[in-house]
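Participant: The structure that follows is given in the form of C-alpha cells.
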Number of protein chains: 2
Amino acid sequence: MATLKYSRQREAIKEFLNSRDDHPTADTVYENIQQIYPNISLGTVYRNLSLLVSIGEIIKITTAQGPDRFDARTTPHNHFICRDCHSVIDIEMEENGDLEELAAKRFAGIIEGHTTNFYGLCGNCTKKVQK
Amino acid sequence: MATLKYSRQREAIKEFLNSRDDHPTADTVYENIQQIYPNISLGTVYRNLSLLVSIGEIIKITTAQGPDRFDARTTPHNHFICRDCHSVIDIEMEENGDLEELAAKRFAGIIEGHTTNFYGLCGNCTKKVQK
DNA sequence: CCAATAATAGTAATCTTTACTGTTATTAAT
DNA sequence: ATTAATAACAGTAAAGATTACTATTATTGG
C-alpha cells in the first residue's frame with residue numbers, strides 16, 4: 001500500500017487544472033507546467049493525471065476524437081463536445097436523477113455511475129457556419 | 001463527391017458486426033474477417049469502419065479504456081462498460097426524451113445528439129468479486 | 001541527519017489509428 | 001464484352017497518444 005508522497009509537480013498540475021474550465025489535454029497541461037518547471041516530463045504529467053483521476057480529485061473526459069481531457073470540477077455536470085472545433089464545454093443542468101435506477105432495472109450487474117455527453121455545434125461554430 | 005463503390009470487404013465487415021452484439025474492436029473485426037479474406041489489411045478494416053460510421057450504418061463507441069468499439073445497432077440505446085473486464089453491454093431502456101431540450105436551455109450552440117454510458121461491475125464480474 | 005522509498009526526468013516502447021503508394025476491383029459507358 | 005475512370009485494396013510506414021523502464025532526486029518518518 002504505497003503511501004502517497006507530496007510532489008510539487010502534482011500540486012502544480014492540480015492548481016493549473018483548477019484555474020481552467022476548458023478541459024485541457026495532457027499535452028496542454030505539460031506545456032503550461034513547463035513555465036514553472038521547465039524540466040517536467042510528459043510522463044510525469046500523465047502519471048499524475050492518472051493518479052489524480054484514481055483518487056477522485058479530477059475527472060477524465062474521453063471523446064470520440066483526439067486525446068483525453070481533464071477536468072478539476074468533480075461535482076456532477078455534463079459535457080458538450082463540438083463536432084467542428086472539438087472544444088469541450090460544461091453544461092450545468094438538472095438531470096433526471098433516477099437515470100441509473102432506470103438502467104439498473106434492465107441490467108444484471110451493479111451500476112456505479114454514468115456520464116452523458118452532448119454533441120453538436122458550439123456557439124462559436126454556429127456563427128461561423130452562418131457566415 | 002466521390003461516389004461509393006461496392007466492396008466485398010465492406011459487406012463482410014457489416015455482416016460480421018450484424019452477427020455480434022458484443023461491440024467488437026477494429027482488431028477483432030480484422031481477425032474475424034481474415035477467416036474469409038486472409039489478405040485483408042487492418043487499414044481496410046479501419047477505413048471501412050470509419051466510412052460506415054460516417055454514413056450512419058454503424059456506431060462507434062469510445063470508452064475511457066482501450067480501443068474504440070463498433071455496433072451495428074443504430075437504434076437508440078445505451079451502453080454499460082464494466083470497470084473490471086471492460087466489456088460493453090447494451091442497455092435497453094426508456095430514457096428521458098427531453099434530455100437534449102433540457103441541455104439546450106443552458107447552452108448557446110446547437111445540440112444534435114447525446115450518448116449516455118453507464119459504469120460499474122457487469123453481472124459476471126459481480127459474481128467473481130463475491131467468490 | 002539518515003534510511004527508506006515515492007516520485008522524477010529522460011527515454012524507449014507499446015498501442016491505436018491514420019496516411020501513403022502502387023495495384024486491383026468495380027462501375028458505367030461504349 | 002472491352003475499356004476507361006476511379007474507388008477500394010494490400011502492404012507498409014508514420015503519426016498520435018499513452019505507458020513502461022531506469023537511474024537519479026525529493027520527500028518523509030524516525
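Identifiers in the C-alpha cells: chain A, B, ... in order shown; residue index from 1 per chain; ligand index from 1 in order shown.
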I'd like the neighbourhood of C:DC2 as an MDAnalysis selection string, where a residue qualifies if any of its atoms comes within 12 Å (using only C-alpha atoms (C1' of nucleotides)), though same-chain residues fewer than 5 positions away should be ignored.

Facilitator: chainID D and resid 28:30

Participant: Can you write out the residues you just picked, keeping N, CA and C atoms (P, O5', C5', C4', C3', O3' and C1' of nucleotides), as a PDB file, in the first residue's frame?

Facilitator:
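Generated file (again.pdb):
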```pdb
ATOM      1  P    DT D  28       6.356  15.152   2.000  1.00  0.00           P
ATOM      2  O5'  DT D  28       6.745  14.001   3.017  1.00  0.00           O
ATOM      3  C5'  DT D  28       6.448  12.638   2.676  1.00  0.00           C
ATOM      4  C4'  DT D  28       7.042  11.719   3.737  1.00  0.00           C
ATOM      5  C3'  DT D  28       6.808  12.201   5.165  1.00  0.00           C
ATOM      6  O3'  DT D  28       6.238  11.145   5.913  1.00  0.00           O
ATOM      7  C1'  DT D  28       9.077  11.649   4.823  1.00  0.00           C
ATOM      8  P    DG D  29       5.421  11.452   7.285  1.00  0.00           P
ATOM      9  O5'  DG D  29       5.552  10.063   8.075  1.00  0.00           O
ATOM     10  C5'  DG D  29       6.230   8.960   7.489  1.00  0.00           C
ATOM     11  C4'  DG D  29       7.275   8.405   8.443  1.00  0.00           C
ATOM     12  C3'  DG D  29       7.020   8.717   9.933  1.00  0.00           C
ATOM     13  O3'  DG D  29       7.222   7.506  10.646  1.00  0.00           O
ATOM     14  C1'  DG D  29       9.190   9.470   9.304  1.00  0.00           C
ATOM     15  P    DG D  30       7.227   7.446  12.280  1.00  0.00           P
ATOM     16  O5'  DG D  30       8.762   7.204  12.590  1.00  0.00           O
ATOM     17  C5'  DG D  30       9.460   6.147  11.882  1.00  0.00           C
ATOM     18  C4'  DG D  30      10.917   6.157  12.274  1.00  0.00           C
ATOM     19  C3'  DG D  30      11.147   6.207  13.797  1.00  0.00           C
ATOM     20  O3'  DG D  30      12.255   5.348  14.118  1.00  0.00           O
ATOM     21  C1'  DG D  30      12.211   8.059  12.771  1.00  0.00           C
TER      22       DG D  30
END
```

Participant: Need the shell around stretch 45-61 of chain B: protein/DNA/RNA residues with any atom at most 7 Å away, counting only C-alpha atoms (C1' of nucleotides). Skip same-chain ones fewer than 2 positions apart. Format as an NGL selection string?

Facilitator: :B and (10 or 26 or 30 or 41-43 or 63 or 68-74)

Participant: Produce a file of the selected residues containing C-alpha atoms, as a short mmCIF file (atom, residue, chain, number, x, y, z; two decimals), in the first residue's frame.

Facilitator:
```cif
data_model
loop_
_atom_site.label_atom_id
_atom_site.label_comp_id
_atom_site.auth_asym_id
_atom_site.auth_seq_id
_atom_site.Cartn_x
_atom_site.Cartn_y
_atom_site.Cartn_z
CA ARG B 10 -17.02 -3.77 -46.50
CA ALA B 26 -11.32 -2.97 -35.08
CA TYR B 30 -9.88 -7.78 -38.55
CA SER B 41 -5.43 -5.42 -44.21
CA LEU B 42 -6.07 -3.70 -40.91
CA GLY B 43 -6.12 -0.37 -42.73
CA THR B 63 -14.58 4.20 -23.89
CA ASP B 68 -12.89 2.02 -29.87
CA ARG B 69 -15.71 -0.45 -30.36
CA PHE B 70 -18.31 -0.76 -33.06
CA ASP B 71 -22.00 -1.53 -33.01
CA ALA B 72 -24.30 -2.38 -35.92
CA ARG B 73 -27.37 -1.48 -33.86
CA THR B 74 -28.12 2.08 -34.80
#
```

Participant: Would you tabulate, counting only C-alpha atoms (C1' of nucleotides), all residues of chain C that have an atom at most 8 Å from an atom of chain B, showing the closest pair of atoms and their distance in Å to one decimal, sorted by chain then ascending number, as a tab-separated table?

Facilitator:
```
residue	atom	partner	partner_atom	distance
C:DT16	C1'	B:Pro67	CA	6.6
C:DT17	C1'	B:Tyr46	CA	7.8
C:DT26	C1'	B:Lys5	CA	6.5
C:DT27	C1'	B:Lys5	CA	7.7
```

Participant: For C-alpha atoms (C1' of nucleotides), I'd like the residues from the last selection saved as a compact mmCIF listing (two decimals), in the first residue's frame.

Facilitator:
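Contents of selection.txt, freshly written:
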```
# COMPACT_ATOMS: atom_id res chain seq x y z
C1' DT C 16 -4.19 2.56 -31.71
C1' DT C 17 -5.17 4.81 -35.71
C1' DT C 26 -15.93 -2.06 -59.50
C1' DT C 27 -18.74 0.69 -62.42
```

Participant: Tell me which protein, DNA and RNA residues are within 7 Å of stretch 81-93 of chain B, counting only C-alpha atoms (C1' of nucleotides), leaving out same-chain ones fewer than 3 positions away, and put them as an MDAnalysis selection string.

Facilitator: (chainID A and resid 103 106:107) or (chainID B and resid 22:23 77:78 118:122 125)

Participant: Residues of chain B that have any atom at most 6 Å from an atom of chain A: could you tabulate them with the shortest-distance atom pair and the distance in Å to one decimal, using only C-alpha atoms, ordered by chain and increasing number, as a tab-separated table?

Facilitator:
```
residue	atom	partner	partner_atom	distance
B:Thr62	CA	A:Ala64	CA	5.6
B:Ala64	CA	A:Thr62	CA	5.6
B:Ala108	CA	A:Gly123	CA	5.1
B:Gly109	CA	A:Gly123	CA	4.0
B:Ile110	CA	A:Leu121	CA	5.1
B:Ile111	CA	A:Gly120	CA	4.6
B:Glu112	CA	A:Gly120	CA	4.6
B:Gly113	CA	A:Tyr119	CA	5.2
B:His114	CA	A:Phe118	CA	4.2
B:Thr115	CA	A:Asn117	CA	5.5
B:Thr116	CA	A:Thr116	CA	4.3
B:Asn117	CA	A:His114	CA	5.4
B:Phe118	CA	A:His114	CA	4.2
B:Tyr119	CA	A:Gly113	CA	5.2
B:Gly120	CA	A:Ile111	CA	4.6
B:Leu121	CA	A:Ile110	CA	5.1
B:Cys122	CA	A:Gly109	CA	4.2
B:Gly123	CA	A:Gly109	CA	4.0
```

Participant: Taking only C-alpha atoms (C1' of nucleotides) into account, name the residue in D:DA26, D:DA10, D:DC21, D:DA1 that is nearest to chain B.

Facilitator: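 Comparing D:DA26, D:DA10, D:DC21, D:DA1 against chain B, the winner is D:DA10.
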
Participant: What are the nearest atom pairs, with distances in Å to one decimal, for all residues of chain D that come at most 10 Å from chain A, using only C-alpha atoms (C1' of nucleotides), set out by chain and rising residue number as JSON lines?

Facilitator:
```
{"residue": "D:DG16", "atom": "C1'", "partner": "A:Pro67", "partner_atom": "CA", "distance": 8.6}
{"residue": "D:DA17", "atom": "C1'", "partner": "A:Pro67", "partner_atom": "CA", "distance": 6.6}
{"residue": "D:DT18", "atom": "C1'", "partner": "A:Tyr46", "partner_atom": "CA", "distance": 7.8}
{"residue": "D:DT19", "atom": "C1'", "partner": "A:Gly43", "partner_atom": "CA", "distance": 8.3}
{"residue": "D:DA20", "atom": "C1'", "partner": "A:Gly43", "partner_atom": "CA", "distance": 9.8}
{"residue": "D:DA26", "atom": "C1'", "partner": "A:Ser7", "partner_atom": "CA", "distance": 8.2}
{"residue": "D:DT27", "atom": "C1'", "partner": "A:Lys5", "partner_atom": "CA", "distance": 6.5}
{"residue": "D:DT28", "atom": "C1'", "partner": "A:Lys5", "partner_atom": "CA", "distance": 7.8}
```

Participant: Just to be explicit: take each residue in the selection above, keep C-alpha atoms (C1' of nucleotides), and write the result as a short mmCIF file (atom, residue, chain, number, x, y, z; two decimals), in the first residue's frame.

Facilitator:
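Generated output (again-v1.cif):
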```cif
data_model
loop_
_atom_site.label_atom_id
_atom_site.label_comp_id
_atom_site.auth_asym_id
_atom_site.auth_seq_id
_atom_site.Cartn_x
_atom_site.Cartn_y
_atom_site.Cartn_z
"C1'" DG D 16 -0.50 10.36 -32.19
"C1'" DA D 17 -1.38 9.16 -27.51
"C1'" DT D 18 -0.11 6.76 -23.63
"C1'" DT D 19 2.53 3.63 -20.74
"C1'" DA D 20 6.84 1.34 -19.16
"C1'" DA D 26 12.88 14.57 -3.41
"C1'" DT D 27 10.04 13.60 0.45
"C1'" DT D 28 9.08 11.65 4.82
#
```

Participant: Quick one: pull the distance between atom C1' of D:DT3 and atom C1' of C:DG22, Å, one decimal.

Facilitator: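 So the two atoms, atom C1' of D:DT3 and atom C1' of C:DG22, lie 20.9 Å apart.
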
Participant: In Å, with one decimal, what is the gap from atom C1' of D:DG11 to atom CA of B:Leu4?

Facilitator: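 Result for atom C1' of D:DG11 versus atom CA of B:Leu4: 22.9 Å, one decimal.
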
Participant: Tell me which protein, DNA and RNA residues are within 10 Å of C:DC20, counting only C-alpha atoms (C1' of nucleotides), leaving out same-chain ones fewer than 5 positions away, and put them as a list in words.

Facilitator: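 Listing them by chain and then by number gives DT12, DA13 and DA14 of chain D.
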
Participant: What would the file look like if the residues just selected were written as a PDB file, in the first residue's frame with C-alpha atoms (C1' of nucleotides)?

Facilitator:
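Saved result, result.pdb, follows:
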```pdb
ATOM      1  C1'  DT D  12       3.690  -0.738 -45.175  1.00  0.00           C
ATOM      2  C1'  DA D  13       5.239   3.466 -42.965  1.00  0.00           C
ATOM      3  C1'  DA D  14       4.189   7.086 -39.993  1.00  0.00           C
TER       4       DA D  14
END
```

Participant: Quick check for you: according to DSSP on this backbone, which residues of chain B are classed as strand (DSSP E)? Reply as a count of residues only.

Facilitator: 27

Participant: When DSSP is applied to the backbone of this structure, which of stretch 31-106 of chain B are assigned alpha helix (DSSP H)? Write them out as a list in words.

Facilitator: Glu31, Asn32, Ile33, Leu42, Gly43, Thr44, Val45, Tyr46, Arg47, Asn48, Leu49, Ser50, Leu51, Leu52, Val53, Ser54, Leu99, Glu100, Glu101, Leu102, Ala103, Ala104 and Lys105 of chain B

Participant: Give me, as a ChimeraX atom specification, all polymer residues having an atom no more than 9 Å from D:DC9, counting only C-alpha atoms (C1' of nucleotides) and skipping those fewer than 6 positions away in the same chain.

Facilitator: /B:40-41,44 /C:23-25

Participant: Between atom CA of A:Gln35 and atom C1' of C:DG10, what is the distance, to one decimal in Å?

Facilitator: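 Taking atom CA of A:Gln35 and atom C1' of C:DG10, their separation equals 18.3 Å.
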
Participant: Skip B:Phe16 itself and residues of its chain fewer than 3 positions away, then list as a list in words all residues within 8 Å of it, counting only C-alpha atoms (C1' of nucleotides).

Facilitator: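 What passes the distance filter is Ala12, Ile13, Ser19, Arg20, Val29, Asn32 and Ile33 of chain B.
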
Participant: Could the residues in this selection be saved with N, CA and C atoms as a PDB file, in the first residue's frame?

Facilitator:
```
ATOM      1  N   ALA B  12     -18.603  -7.715 -45.830  1.00  0.00           N
ATOM      2  CA  ALA B  12     -18.251  -8.736 -44.837  1.00  0.00           C
ATOM      3  C   ALA B  12     -18.155  -8.120 -43.443  1.00  0.00           C
ATOM      4  N   ILE B  13     -17.594  -6.913 -43.372  1.00  0.00           N
ATOM      5  CA  ILE B  13     -17.457  -6.221 -42.093  1.00  0.00           C
ATOM      6  C   ILE B  13     -18.840  -5.914 -41.523  1.00  0.00           C
ATOM      7  N   SER B  19     -23.789  -9.732 -36.876  1.00  0.00           N
ATOM      8  CA  SER B  19     -23.911 -11.040 -36.216  1.00  0.00           C
ATOM      9  C   SER B  19     -23.490 -10.998 -34.749  1.00  0.00           C
ATOM     10  N   ARG B  20     -22.996  -9.848 -34.305  1.00  0.00           N
ATOM     11  CA  ARG B  20     -22.458  -9.779 -32.944  1.00  0.00           C
ATOM     12  C   ARG B  20     -23.149  -8.693 -32.134  1.00  0.00           C
ATOM     13  N   VAL B  29     -12.634  -7.322 -35.427  1.00  0.00           N
ATOM     14  CA  VAL B  29     -13.218  -7.375 -36.764  1.00  0.00           C
ATOM     15  C   VAL B  29     -12.180  -7.933 -37.734  1.00  0.00           C
ATOM     16  N   ASN B  32     -11.497 -11.667 -37.476  1.00  0.00           N
ATOM     17  CA  ASN B  32     -12.612 -12.488 -37.943  1.00  0.00           C
ATOM     18  C   ASN B  32     -12.790 -12.432 -39.458  1.00  0.00           C
ATOM     19  N   ILE B  33     -12.591 -11.238 -40.026  1.00  0.00           N
ATOM     20  CA  ILE B  33     -12.749 -11.136 -41.476  1.00  0.00           C
ATOM     21  C   ILE B  33     -11.626 -11.898 -42.182  1.00  0.00           C
TER      22      ILE B  33
END
```
